[in-house]
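Structure file start12.txt (compact mmCIF, C-alpha atoms) follows.
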# COMPACT_ATOMS: atom_id res chain seq x y z
CA MET Q 25 0.00 0.00 0.00
CA ARG Q 26 1.25 3.41 -0.93
CA THR Q 27 1.14 6.23 1.51
CA ARG Q 28 1.86 9.86 0.99
CA GLY Q 29 5.26 9.54 2.55
CA ASN Q 30 6.51 6.71 0.37
CA ASP Q 31 4.75 7.59 -2.90
CA HIS Q 32 7.54 8.25 -5.37
CA SER Q 33 5.45 8.33 -8.51
CA TRP Q 34 6.04 12.08 -8.98
CA SER Q 35 9.20 13.06 -10.81
CA ALA Q 36 12.04 14.99 -9.22
CA GLY Q 37 10.56 14.76 -5.78
CA PHE Q 38 7.76 17.25 -6.51
CA ARG Q 39 4.56 16.26 -4.87
CA PRO Q 40 1.58 18.52 -5.27
CA ASN Q 41 -0.28 19.37 -2.13
CA ARG Q 42 -3.07 21.80 -1.42
CA ARG Q 43 -0.76 24.60 -0.27
CA ARG Q 44 1.37 24.43 -3.43
CA LEU Q 45 -1.71 24.34 -5.67
CA LEU Q 46 -3.17 27.39 -3.93
CA ARG Q 47 0.09 29.30 -4.30
CA ALA Q 48 0.35 28.40 -7.98
CA SER Q 49 -3.23 29.41 -8.71
CA ALA Q 50 -2.77 32.72 -6.81
CA ALA Q 51 0.39 33.47 -8.80
CA THR Q 52 -1.39 32.67 -12.06
CA ALA Q 53 -4.32 34.90 -11.14
CA ALA Q 54 -1.99 37.75 -10.17
CA ALA Q 55 -0.12 37.44 -13.46
CA GLY Q 56 -3.41 37.49 -15.35
CA LEU Q 57 -4.58 40.62 -13.54
CA ALA Q 58 -1.26 42.35 -14.15
CA GLY Q 59 -1.45 41.47 -17.84
CA ALA Q 60 -5.01 42.79 -18.06
CA ALA Q 61 -4.01 46.01 -16.31
CA LEU Q 62 -1.09 46.52 -18.65
CA ALA Q 63 -3.26 45.84 -21.66
CA GLY Q 64 -5.90 48.26 -20.34
CA CYS Q 65 -3.43 51.14 -20.12
CA ASP Q 66 -2.10 50.47 -23.62
CA LEU Q 67 1.37 49.75 -22.29
CA LEU Q 68 1.48 46.60 -24.36
CA ASP Q 69 -0.07 48.27 -27.43
CA PRO Q 70 2.54 50.46 -29.11
CA GLY Q 71 -0.09 52.13 -31.33
CA PRO Q 72 0.36 55.80 -32.16
CA ASP Q 73 -1.08 58.32 -29.75
CA THR Q 74 -3.70 60.51 -31.35
CA PRO Q 75 -3.51 64.10 -30.22
CA PRO Q 76 -6.66 65.49 -28.63
CA ALA Q 77 -8.96 67.48 -30.86
CA PRO Q 78 -8.48 71.24 -30.65
CA ASP Q 79 -10.84 73.16 -28.43
CA ALA Q 80 -13.98 74.52 -30.11
CA LEU Q 81 -13.00 78.05 -29.11
CA THR Q 82 -9.62 77.94 -30.84
CA GLY Q 83 -10.92 80.01 -33.76
CA LEU Q 84 -12.32 82.63 -31.40
CA LEU Q 85 -8.99 82.84 -29.60
CA ALA Q 86 -7.14 83.20 -32.91
CA GLY Q 87 -9.52 86.00 -33.89
CA THR Q 88 -8.85 87.72 -30.59
CA TYR Q 89 -5.11 87.62 -31.16
CA ALA Q 90 -5.67 88.99 -34.66
CA LEU Q 91 -7.60 91.93 -33.20
CA VAL Q 92 -4.79 92.66 -30.75
CA ALA Q 93 -2.33 92.64 -33.66
CA ALA Q 94 -4.58 94.98 -35.66
CA TYR Q 95 -4.73 97.42 -32.76
CA ASP Q 96 -0.96 97.22 -32.34
CA ALA Q 97 -0.49 98.06 -36.02
CA ALA Q 98 -2.98 100.93 -35.82
CA LEU Q 99 -1.27 102.38 -32.75
CA ALA Q 100 2.09 102.15 -34.48
CA ALA Q 101 0.68 103.97 -37.50
CA ASP Q 102 -0.99 106.83 -35.63
CA THR Q 103 0.06 107.65 -32.09
CA THR Q 104 -2.70 110.25 -31.74
CA LEU Q 105 -5.15 107.36 -31.41
CA THR Q 106 -3.50 106.01 -28.25
CA THR Q 107 -6.15 107.33 -25.87
CA LEU Q 108 -8.98 105.82 -27.91
CA LEU Q 109 -7.46 102.50 -28.97
CA THR Q 110 -5.39 101.37 -25.99
CA PRO Q 111 -8.39 100.46 -23.76
CA LEU Q 112 -9.97 98.52 -26.63
CA ARG Q 113 -6.76 96.61 -27.29
CA GLU Q 114 -6.35 95.82 -23.59
CA THR Q 115 -9.90 94.46 -23.51
CA HIS Q 116 -8.99 92.05 -26.30
CA ARG Q 117 -5.87 90.99 -24.42
CA ALA Q 118 -8.01 90.26 -21.35
CA HIS Q 119 -10.38 88.24 -23.53
CA ALA Q 120 -7.47 86.22 -24.89
CA GLU Q 121 -6.30 85.42 -21.36
CA ALA Q 122 -9.82 84.43 -20.27
CA LEU Q 123 -10.31 82.18 -23.29
CA ASP Q 124 -6.92 80.58 -22.83
CA ALA Q 125 -7.77 79.81 -19.20
CA ILE Q 126 -10.90 77.80 -20.05
CA MET Q 127 -9.67 75.95 -23.11
CA SER Q 128 -8.87 72.26 -23.02
CA PRO Q 129 -6.49 71.23 -24.36
CA ARG Q 130 -4.77 74.53 -23.94
CA PRO Q 131 -3.27 75.71 -27.18
CA SER Q 132 0.44 76.27 -27.24
CA PRO Q 133 1.48 79.91 -27.40
CA SER Q 134 3.42 79.18 -30.58
CA SER Q 135 0.21 78.22 -32.38
CA PHE Q 136 -0.89 81.85 -32.13
CA THR Q 137 2.14 83.72 -33.28
CA ALA Q 138 1.21 87.29 -33.86
CA PRO Q 139 0.13 87.62 -37.43
CA SER Q 140 2.30 89.97 -39.34
CA ALA Q 141 -0.19 92.80 -39.62
CA ALA Q 142 0.41 94.89 -42.65
CA PRO Q 143 1.37 98.42 -41.76
CA VAL Q 144 -1.75 100.50 -41.57
CA ALA Q 145 -1.67 103.21 -44.15
CA GLY Q 146 -3.96 106.14 -44.45
CA ASP Q 147 -5.37 108.80 -42.30
CA ARG Q 148 -7.08 108.52 -38.96
CA LYS Q 149 -10.46 107.94 -40.59
CA ALA Q 150 -9.17 105.00 -42.68
CA ILE Q 151 -7.51 103.40 -39.66
CA LEU Q 152 -10.71 103.63 -37.58
CA LYS Q 153 -12.79 102.28 -40.48
CA SER Q 154 -10.44 99.31 -40.84
CA LEU Q 155 -10.63 98.54 -37.12
CA ARG Q 156 -14.42 98.93 -37.12
CA THR Q 157 -14.71 96.43 -39.98
CA ALA Q 158 -12.51 93.99 -38.07
CA GLU Q 159 -14.60 94.47 -34.90
CA VAL Q 160 -17.91 93.89 -36.74
CA SER Q 161 -16.57 90.69 -38.29
CA ALA Q 162 -15.13 89.56 -34.94
CA ALA Q 163 -18.44 90.31 -33.18
CA LYS Q 164 -20.26 88.04 -35.64
CA GLN Q 165 -17.68 85.31 -35.02
CA ALA Q 166 -18.13 85.61 -31.25
CA ALA Q 167 -21.95 85.60 -31.52
CA GLU Q 168 -21.81 82.39 -33.58
CA ALA Q 169 -19.42 80.83 -31.06
CA CYS Q 170 -21.74 81.85 -28.23
CA VAL Q 171 -24.66 79.99 -29.80
CA THR Q 172 -22.65 76.81 -30.39
CA THR Q 173 -20.61 76.65 -27.18
CA THR Q 174 -21.51 74.93 -23.93
CA THR Q 175 -23.66 76.71 -21.35
CA SER Q 176 -20.74 77.05 -18.97
CA ARG Q 177 -18.77 78.97 -21.60
CA ALA Q 178 -21.65 80.95 -23.10
CA VAL Q 179 -21.43 83.76 -20.55
CA LEU Q 180 -17.79 84.52 -21.33
CA VAL Q 181 -18.25 84.20 -25.08
CA GLY Q 182 -21.40 86.34 -24.93
CA GLU Q 183 -19.51 89.04 -23.03
CA ILE Q 184 -16.80 88.94 -25.69
CA ALA Q 185 -19.41 89.29 -28.46
CA ALA Q 186 -21.01 92.23 -26.65
CA ALA Q 187 -17.65 93.93 -26.11
CA ARG Q 188 -16.77 93.58 -29.78
CA ALA Q 189 -20.10 95.05 -30.86
CA THR Q 190 -19.55 97.92 -28.45
CA HIS Q 191 -16.05 98.50 -29.81
CA ALA Q 192 -17.50 98.71 -33.33
CA GLU Q 193 -19.84 101.47 -32.16
CA VAL Q 194 -17.03 103.32 -30.39
CA LEU Q 195 -15.00 103.26 -33.59
CA ALA Q 196 -17.91 104.53 -35.76
Do you think you could lay out the structure here as structure tokens?
Amino acid sequence: MRTRGNDHSWSAGFRPNRRRLLRASAATAAAGLAGAALAGCDLLDPGPDTPPAPDALTGLLAGTYALVAAYDAALAADTTLTTLLTPLRETHRAHAEALDAIMSPRPSPSSFTAPSAAPVAGDRKAILKSLRTAEVSAAKQAAEACVTTTTSRAVLVGEIAAARATHAEVLA
């Protein structure tokens, strides 16, 4: 009769017992969970990372930077307009900062390099007309963005649209 102590039917002296089986099954389960976790975080999948889609307000921010550049060019062309134009330009700078703060993903500053605004030529009246045209167009852009944006952003975008419409009237 064979007993556990004298049973030599297992090779190399390995005899399975309940403790060894439990340890082996626990190790297998842990390895399976680790593999699933690694697969879940794409560590094992070397596929290319797709960049996140640009924020819906990126166009509005680009338009804001364009307005700032237009005001800079106008101020460089006619310094007698400083008192009138500086507060308007600073409002657009504040709008750019506010938009940048709520955007996700945040655009890199290099994506909005200041457009090379053509030197403004003409008299005071032509400069103001050019800025008014830019403000009217920008106000329409902001109003459209206000309608299509989320409710949490609509207040800021609506304030920007209202400011641009007001600027157009100031420049008239």
Could you state the separation of atom CA of Glu159 of chain Q and atom CA of Pro111 of chain Q in Å, given to one decimal place?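 Taking atom CA of Glu159 of chain Q as the start and atom CA of Pro111 of chain Q as the end point, the length is 14.1 Å.
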Near-Arg130 of chain Q list (9 Å; all atoms listed in the file; drop same-chain fewer than 4 positions) as a PyMOL selection string: chain Q and resi 78-79+124-126
Which distance in Å separates atom CA of Lys149 of chain Q and atom CA of Leu85 of chain Q, to one decimal? 27.4 Å
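The gap separating atom CA of Ala163 of chain Q from atom CA of Ala80 of chain Q is 16.7 Å, in Å to one decimal.
For the set Q:Leu84, Q:Ala120, Q:Leu91, Q:Cys170, the residue with the smallest atom-to-atom gap to Ala192 of chain Q is Q:Leu91, counting all atoms listed in the file.
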Please build the interface table for segment 91-155 of chain Q against segment 175-191 of chain Q with a cut-off of 10 Å, listing for each qualifying residue the nearest atom pair and the distance in Å to one decimal; count all atoms listed in the file, order rows by chain and increasing number, and write it as a tab-separated table.
residue	atom	partner	partner_atom	distance
Q:Leu91	CA	Q:Arg188	CA	9.9
Q:Leu109	CA	Q:His191	CA	9.5
Q:Pro111	CA	Q:His191	CA	10.0
Q:Leu112	CA	Q:His191	CA	6.9
Q:Arg113	CA	Q:His191	CA	9.8
Q:Thr115	CA	Q:Ala187	CA	8.2
Q:His116	CA	Q:Ile184	CA	8.4
Q:Ala118	CA	Q:Ile184	CA	9.9
Q:His119	CA	Q:Ile184	CA	6.8
Q:Ala120	CA	Q:Ile184	CA	9.8
Q:Ala122	CA	Q:Leu180	CA	8.0
Q:Leu123	CA	Q:Leu180	CA	8.1
Q:Ile126	CA	Q:Arg177	CA	8.1
Q:Met127	CA	Q:Arg177	CA	9.7
Q:Leu155	CA	Q:His191	CA	9.1
Would you export the selected residues with C-alpha atoms as a compact mmCIF listing (two decimals), keeping the file's coordinate frame, please?
# COMPACT_ATOMS: atom_id res chain seq x y z
CA LEU Q 91 -7.60 91.93 -33.20
CA LEU Q 109 -7.46 102.50 -28.97
CA PRO Q 111 -8.39 100.46 -23.76
CA LEU Q 112 -9.97 98.52 -26.63
CA ARG Q 113 -6.76 96.61 -27.29
CA THR Q 115 -9.90 94.46 -23.51
CA HIS Q 116 -8.99 92.05 -26.30
CA ALA Q 118 -8.01 90.26 -21.35
CA HIS Q 119 -10.38 88.24 -23.53
CA ALA Q 120 -7.47 86.22 -24.89
CA ALA Q 122 -9.82 84.43 -20.27
CA LEU Q 123 -10.31 82.18 -23.29
CA ILE Q 126 -10.90 77.80 -20.05
CA MET Q 127 -9.67 75.95 -23.11
CA LEU Q 155 -10.63 98.54 -37.12
